[in-house]
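> Right, I'll just put the structure down here and ask away after.
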Amino acid sequence: MKDIYVITVARNEEKILPFFLDHYSTFADKIIVADNNSSDHTAKIARTYEKVEYQNIGNVQFDDLTKNGLQNEVIAAHRKPGRWMIVVDTDEFIHLPVGDIREWFETIDPMQVFLKPQGFQMVASSFPEYTGKPIFEMVKEGFHDPGFSKPCIFDSEFEIMQAPGFHSAMMNYHGNMIHPTQCDLFLLHYKFLGLKHRLERIRNTKINLSEVGTVLAQKEIIGTQILSNEKRLTDEFNTFWDKRTKVL
């Protein structure tokens, strides 16, 4: 059985981080939290988990291109033949609707080294209070979003070539370029946990946005939602709320 490493770049994620670490601790061998200079309790929370390797990367300003570079550095530092890497944001949860994820990985064909789970946007009226209960037992509604079916699971032995946010990527597999294989896993995106939470996250990201990130967002290349006004973000949330159905 390959070991499983989870990598996430985090900044001020104290609300979602306990849900994230509880979840991935159930099947991952190690979780690397690369902390982008958080000023909240992100570091304190991360250090309480036995499987977490915490790193303060000390970056202040941020954008998707910088994030890609940081992810690639962490991937390279932990590369090992026969190791699964799962590269996700702290609001992204790999989930298997039926069965045990660890056992599921044991069934994967050794030639399938690059996996793309099915993406879902999960929606709730408010951010759930952390009680130790898994988030996917508390927020079960959302909708399938093919654009967020991110190819985020791969054998670390091979070189990953990612687009910002891992929304698209290819892999150099023994000199051959390969595309990811769609798999049975779900990738649950818990970004829309109440309008208040959504607006707060966008405001905090905007404050920390680099000059490069601002230019990319202005040109509608990457991160355009960061510069959206409150009305547009509210309309987006309401649209997603109306689209929601039972996912889990």
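Ordering of the structure tokens sets the chain letters (A, B, ...), residue numbers begin anew at 1 in every chain, and ligands are numbered from 1 in the order given.
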Output as a PyMOL selection string all residues of stretch 31-225 of chain A that backbone DSSP marks as strand (DSSP E or B).
chain A and resi 31-35+52-56+62+83-87+92-95+114-124+141-144+153-155+159-162+169-173+176-178+181-193+209
> Mind dumping a table of every stretch 37-116 of chain A residue within 6 Å of stretch 143-163 of chain A, with the nearest atom pair and its distance in Å to one decimal, using only C-alpha atoms, sorted by chain and rising number, as CSV?

```
residue,atom,partner,partner_atom,distance
A:Arg79,CA,A:Ser156,CA,5.1
A:Lys80,CA,A:Glu157,CA,5.5
A:Pro81,CA,A:Glu157,CA,4.6
A:Arg83,CA,A:Asp155,CA,5.6
A:Trp84,CA,A:Asp155,CA,4.6
A:Met85,CA,A:Phe154,CA,5.4
A:Ile86,CA,A:Ile153,CA,4.6
A:Val87,CA,A:Cys152,CA,5.3
A:Val113,CA,A:Asp155,CA,5.2
A:Phe114,CA,A:Phe154,CA,4.3
A:Leu115,CA,A:Ile153,CA,5.1
A:Lys116,CA,A:Pro151,CA,4.0
```
> Using N, CA, C and O atoms, can you export the residues from the last selection as a PDB file, in the first residue's frame?

```
ATOM      1  N   ARG A  79       8.690  14.132  -2.303  1.00  0.00           N
ATOM      2  CA  ARG A  79       8.542  13.168  -3.399  1.00  0.00           C
ATOM      3  C   ARG A  79       9.207  11.844  -3.052  1.00  0.00           C
ATOM      4  O   ARG A  79      10.324  11.798  -2.557  1.00  0.00           O
ATOM      5  N   LYS A  80       8.475  10.770  -3.332  1.00  0.00           N
ATOM      6  CA  LYS A  80       8.993   9.428  -3.066  1.00  0.00           C
ATOM      7  C   LYS A  80       8.243   8.437  -3.951  1.00  0.00           C
ATOM      8  O   LYS A  80       7.008   8.507  -4.036  1.00  0.00           O
ATOM      9  N   PRO A  81       8.924   7.551  -4.648  1.00  0.00           N
ATOM     10  CA  PRO A  81       8.227   6.558  -5.474  1.00  0.00           C
ATOM     11  C   PRO A  81       7.178   5.791  -4.663  1.00  0.00           C
ATOM     12  O   PRO A  81       7.440   5.367  -3.542  1.00  0.00           O
ATOM     13  N   ARG A  83       4.291   6.989  -3.493  1.00  0.00           N
ATOM     14  CA  ARG A  83       3.563   7.792  -2.503  1.00  0.00           C
ATOM     15  C   ARG A  83       2.470   8.579  -3.200  1.00  0.00           C
ATOM     16  O   ARG A  83       2.708   9.271  -4.179  1.00  0.00           O
ATOM     17  N   TRP A  84       1.259   8.474  -2.670  1.00  0.00           N
ATOM     18  CA  TRP A  84       0.174   9.307  -3.173  1.00  0.00           C
ATOM     19  C   TRP A  84       0.292  10.713  -2.595  1.00  0.00           C
ATOM     20  O   TRP A  84       0.534  10.886  -1.411  1.00  0.00           O
ATOM     21  N   MET A  85       0.093  11.721  -3.442  1.00  0.00           N
ATOM     22  CA  MET A  85      -0.028  13.103  -3.004  1.00  0.00           C
ATOM     23  C   MET A  85      -1.461  13.563  -3.253  1.00  0.00           C
ATOM     24  O   MET A  85      -2.022  13.320  -4.323  1.00  0.00           O
ATOM     25  N   ILE A  86      -2.048  14.209  -2.269  1.00  0.00           N
ATOM     26  CA  ILE A  86      -3.347  14.870  -2.427  1.00  0.00           C
ATOM     27  C   ILE A  86      -3.111  16.353  -2.135  1.00  0.00           C
ATOM     28  O   ILE A  86      -2.766  16.720  -1.009  1.00  0.00           O
ATOM     29  N   VAL A  87      -3.262  17.196  -3.153  1.00  0.00           N
ATOM     30  CA  VAL A  87      -2.980  18.627  -3.007  1.00  0.00           C
ATOM     31  C   VAL A  87      -4.308  19.379  -3.069  1.00  0.00           C
ATOM     32  O   VAL A  87      -4.955  19.437  -4.128  1.00  0.00           O
ATOM     33  N   VAL A 113      -1.972   6.653 -12.182  1.00  0.00           N
ATOM     34  CA  VAL A 113      -1.158   7.384 -11.218  1.00  0.00           C
ATOM     35  C   VAL A 113      -1.594   8.840 -11.070  1.00  0.00           C
ATOM     36  O   VAL A 113      -0.973   9.610 -10.347  1.00  0.00           O
ATOM     37  N   PHE A 114      -2.686   9.222 -11.745  1.00  0.00           N
ATOM     38  CA  PHE A 114      -3.109  10.614 -11.777  1.00  0.00           C
ATOM     39  C   PHE A 114      -4.636  10.640 -11.786  1.00  0.00           C
ATOM     40  O   PHE A 114      -5.262  10.265 -12.777  1.00  0.00           O
ATOM     41  N   LEU A 115      -5.254  11.042 -10.671  1.00  0.00           N
ATOM     42  CA  LEU A 115      -6.682  10.861 -10.470  1.00  0.00           C
ATOM     43  C   LEU A 115      -7.419  12.195 -10.336  1.00  0.00           C
ATOM     44  O   LEU A 115      -6.918  13.142  -9.729  1.00  0.00           O
ATOM     45  N   LYS A 116      -8.632  12.204 -10.876  1.00  0.00           N
ATOM     46  CA  LYS A 116      -9.469  13.413 -10.878  1.00  0.00           C
ATOM     47  C   LYS A 116     -10.809  13.088 -10.226  1.00  0.00           C
ATOM     48  O   LYS A 116     -11.669  12.460 -10.844  1.00  0.00           O
TER      49      LYS A 116
END
```
> Would you please work out which residue, of A:Asn204, A:Ser125, A:Thr90, A:Asn229, is nearest to A:Phe62 when using only C-alpha atoms?
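So, comparing all the options, the nearest one is A:Asn204.
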> Could you tell me, as a PyMOL selection string, which residues of stretch 7-240 of chain A DSSP assigns to alpha helix (DSSP H) when given the backbone?
chain A and resi 17-25+42-46+64-77+101-106+135-138+195-207+211-218+230-240
> Next, the residues of the selection above should be written as a PDB file, in the first residue's frame with C-alpha atoms.

```pdb
ATOM      1  CA  LEU A  17      -8.966  23.715   9.735  1.00  0.00           C
ATOM      2  CA  PRO A  18     -10.262  21.433  12.543  1.00  0.00           C
ATOM      3  CA  PHE A  19     -12.782  19.901  10.109  1.00  0.00           C
ATOM      4  CA  PHE A  20     -10.013  19.499   7.506  1.00  0.00           C
ATOM      5  CA  LEU A  21      -7.447  17.919   9.819  1.00  0.00           C
ATOM      6  CA  ASP A  22      -9.973  15.612  11.488  1.00  0.00           C
ATOM      7  CA  HIS A  23     -11.052  14.351   8.081  1.00  0.00           C
ATOM      8  CA  TYR A  24      -7.665  13.745   6.488  1.00  0.00           C
ATOM      9  CA  SER A  25      -6.232  12.289   9.690  1.00  0.00           C
ATOM     10  CA  THR A  42      -4.036  28.222  12.411  1.00  0.00           C
ATOM     11  CA  ALA A  43      -0.567  27.288  13.708  1.00  0.00           C
ATOM     12  CA  LYS A  44      -1.824  26.366  17.175  1.00  0.00           C
ATOM     13  CA  ILE A  45      -4.529  24.102  15.774  1.00  0.00           C
ATOM     14  CA  ALA A  46      -2.235  22.425  13.238  1.00  0.00           C
ATOM     15  CA  ASP A  64      -2.425  31.816  -7.376  1.00  0.00           C
ATOM     16  CA  LEU A  65       0.905  31.708  -9.189  1.00  0.00           C
ATOM     17  CA  THR A  66       2.790  32.113  -5.911  1.00  0.00           C
ATOM     18  CA  LYS A  67       0.616  29.418  -4.382  1.00  0.00           C
ATOM     19  CA  ASN A  68       1.468  27.034  -7.223  1.00  0.00           C
ATOM     20  CA  GLY A  69       5.155  27.637  -6.643  1.00  0.00           C
ATOM     21  CA  LEU A  70       4.833  26.975  -2.930  1.00  0.00           C
ATOM     22  CA  GLN A  71       2.864  23.787  -3.538  1.00  0.00           C
ATOM     23  CA  ASN A  72       5.496  22.563  -5.982  1.00  0.00           C
ATOM     24  CA  GLU A  73       8.270  23.179  -3.448  1.00  0.00           C
ATOM     25  CA  VAL A  74       6.436  21.114  -0.832  1.00  0.00           C
ATOM     26  CA  ILE A  75       5.691  18.363  -3.357  1.00  0.00           C
ATOM     27  CA  ALA A  76       9.353  18.200  -4.385  1.00  0.00           C
ATOM     28  CA  ALA A  77      10.493  18.017  -0.757  1.00  0.00           C
ATOM     29  CA  ILE A 101     -11.020   5.662   1.404  1.00  0.00           C
ATOM     30  CA  ARG A 102      -7.862   3.886   2.511  1.00  0.00           C
ATOM     31  CA  GLU A 103      -9.173   0.575   1.234  1.00  0.00           C
ATOM     32  CA  TRP A 104     -10.340   2.263  -1.974  1.00  0.00           C
ATOM     33  CA  PHE A 105      -6.779   3.406  -2.737  1.00  0.00           C
ATOM     34  CA  GLU A 106      -5.621  -0.193  -2.459  1.00  0.00           C
ATOM     35  CA  ILE A 135     -18.386  18.432   8.057  1.00  0.00           C
ATOM     36  CA  PHE A 136     -19.907  16.181   5.390  1.00  0.00           C
ATOM     37  CA  GLU A 137     -22.387  14.946   8.022  1.00  0.00           C
ATOM     38  CA  MET A 138     -23.387  18.547   8.758  1.00  0.00           C
ATOM     39  CA  LEU A 195     -22.990  34.414   2.738  1.00  0.00           C
ATOM     40  CA  LYS A 196     -21.318  36.104   5.707  1.00  0.00           C
ATOM     41  CA  HIS A 197     -18.457  33.602   5.708  1.00  0.00           C
ATOM     42  CA  ARG A 198     -18.051  33.876   1.936  1.00  0.00           C
ATOM     43  CA  LEU A 199     -17.801  37.674   2.024  1.00  0.00           C
ATOM     44  CA  GLU A 200     -15.342  37.589   4.937  1.00  0.00           C
ATOM     45  CA  ARG A 201     -13.055  35.144   3.108  1.00  0.00           C
ATOM     46  CA  ILE A 202     -13.039  37.235  -0.058  1.00  0.00           C
ATOM     47  CA  ARG A 203     -12.279  40.427   1.900  1.00  0.00           C
ATOM     48  CA  ASN A 204      -9.392  38.775   3.752  1.00  0.00           C
ATOM     49  CA  THR A 205      -7.960  37.370   0.525  1.00  0.00           C
ATOM     50  CA  LYS A 206      -8.206  40.745  -1.197  1.00  0.00           C
ATOM     51  CA  ILE A 207      -6.265  42.438   1.620  1.00  0.00           C
ATOM     52  CA  GLU A 211       0.322  43.146  -7.258  1.00  0.00           C
ATOM     53  CA  VAL A 212       0.604  40.218  -9.661  1.00  0.00           C
ATOM     54  CA  GLY A 213      -2.608  38.738  -8.307  1.00  0.00           C
ATOM     55  CA  THR A 214      -4.407  42.072  -8.704  1.00  0.00           C
ATOM     56  CA  VAL A 215      -3.333  42.356 -12.343  1.00  0.00           C
ATOM     57  CA  LEU A 216      -4.383  38.771 -13.088  1.00  0.00           C
ATOM     58  CA  ALA A 217      -7.784  39.334 -11.477  1.00  0.00           C
ATOM     59  CA  GLN A 218      -8.298  42.636 -13.314  1.00  0.00           C
ATOM     60  CA  GLU A 230     -20.539  42.577  -2.595  1.00  0.00           C
ATOM     61  CA  LYS A 231     -23.646  42.558  -4.799  1.00  0.00           C
ATOM     62  CA  ARG A 232     -22.024  40.250  -7.346  1.00  0.00           C
ATOM     63  CA  LEU A 233     -20.811  37.907  -4.628  1.00  0.00           C
ATOM     64  CA  THR A 234     -24.249  37.937  -3.003  1.00  0.00           C
ATOM     65  CA  ASP A 235     -25.908  37.137  -6.331  1.00  0.00           C
ATOM     66  CA  GLU A 236     -23.439  34.292  -6.848  1.00  0.00           C
ATOM     67  CA  PHE A 237     -24.203  32.839  -3.422  1.00  0.00           C
ATOM     68  CA  ASN A 238     -27.957  33.103  -3.958  1.00  0.00           C
ATOM     69  CA  THR A 239     -27.657  31.384  -7.337  1.00  0.00           C
ATOM     70  CA  PHE A 240     -25.742  28.522  -5.768  1.00  0.00           C
TER      71      PHE A 240
END
```
> Hey, which of A:Gly194, A:Gly82, A:Pro180, A:Pro134 ends up closest to A:Met122? Count only C-alpha atoms.
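The closest residue to A:Met122 is A:Gly194.
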> Distance atom CA of A:Glu92-atom CA of A:Asn208, one decimal place?
20.7 Å
> May I ask for the distance between atom CA of A:Ala124 and atom CA of A:Thr245, given in Å to one decimal place?
11.0 Å
> Counting only C-alpha atoms, figure out which residue out of A:Gln225, A:Gln55, A:Asn36, A:Gln118 gets nearest to A:Ile94.
A:Gln118
> Find the distance between atom CA of A:Thr26 and atom CA of A:Gly132 and write it in Å to one decimal.
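Going from atom CA of A:Thr26 over to atom CA of A:Gly132, I get 12.7 Å.
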> Could you check which of A:Thr107, A:Gln182, A:Gln121, A:Asn12 is closest to A:Val139, using only C-alpha atoms?
A:Gln121
